[in-house]
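Contents: one structure, followed by commentary.
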Amino acid sequence: MVGSNRLINTIPIQNDVHSRPLVQQTSSVSMATFQLYAILEAIGDRVEMHNNIGEQRDNWNTLLLNSINMITLTAATMAGFAAATGVGAGVSVMGLKLASSVMFSAATGMLVLMNKIQPSQLVEEQRNATRLFKQLQSQIRTLLAVGSLCQDDVNDAMEKVLALDKAYPLPLLGVMLDKFPASLEPAVWWPTKQSPNSNKALNNNNGWTKELEMEMREVVEVIKRKDSEDYERLGNKALNMNKVLATAGPLLTGIAALGSAFMVSSNSPGAATVAAVAGALASAVNTFEHGGQVGMVFEMYRNNAGFFKHMQESIESTLDESDVEKRENGELFEIKVALQPGRSLSELRDVAKKSTYSRIEGSPMDEFASKLF
């Protein structure tokens, strides 16, 4: 008994190892660091969710497109065959006519649903959300590597996560983005912040000079006059084309369904011709819209316009900060601004100079800020 007590007393007691919070065990690490790691885990989960849902919705686009086209073409073939066969040859013509009418009606309903949700556009939303969450993930990892964290870094990361959640919602019901707005509105995936205006003259502080500030203002002007305007124009064209195609597809399958119904009741060869031709046209329109992923093209332009709006607001909010010591280092900021549109520092300065010259001379600016897209 004494030996067993001695043996028990030599076993280390570990009851409190898991119950004690990690924060208390490593007091040298700031609370902000733990909070950023928690946000980082949530971002990793969102990356996985958007990636998986993007793959699922890509499958939707492929399966719905193929299924609707097969139904439409089969119904058109049945309508044409029923009209050509007539009563003979042992074929149940009435069965073909009824089947054609039902299939056209089914295709119309499925096509209305598909055009409503625009699967190719949904896929592009998830692609962009995945990319932007990965970008935010990289930014937080850089913050953690550099250190010197504070609560403002945590709050900023939280706001960015919530802004991305709002810009790219996962559910389809209730919060799905409008697929057919009146006009293109650039995507906004960053939190809006108001900075005080500044009329303070700049000295060479924190890497900022008067020349650098003027250069940044000219870059903003180029983005407004060239890049943003161009992508909004192209996006509106894609939007209008998608609206026409989304209306034409169900309209044609509806006409084909009516033609099949008249073919059943009146045995009219003209109704059969209308059903077959309208069905074939509907299949072509559907293939062009969803096979060509016109919705995805619109979403791409919307996100590109959002990219330039974000770049523009980032520069303006930095310049609006009156205290240059609170700004990001001017030289580092210039490098970041140059890399975003895919330019070197010398190329960015040349663009700013050309913008200044075109405004003074009143001549049109023939160059875009971006070289990436």
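We label chains A, B, ... in the order they appear in the structure tokens, count residues from 1 in each chain, and number ligands from 1 in the order shown.
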Next on the checklist: Can you pull out every residue from segment 129-230 of chain A that DSSP, working from the backbone, puts in alpha helix (DSSP H), and format the result as number ranges by chain?
Outcome noted: A: 129-146, 151-167, 210-222, 229-230
Next on the checklist: I'd like the contact shell of Gly279 of chain A - 7 Å cut-off, only C-alpha atoms, skipping same-chain residues fewer than 2 positions apart - returned as a PyMOL selection string.
Outcome noted: chain A and resi 72-73+76+252-253+256+275-277+281-283
Item to check | Nearest to Ile335 of chain A by atom-to-atom distance, counting only C-alpha atoms, from A:Leu258, A:Val274, A:Met216, A:Leu319 | outcome: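 Checking each candidate against Ile335 of chain A, we get A:Met216 as the closest.
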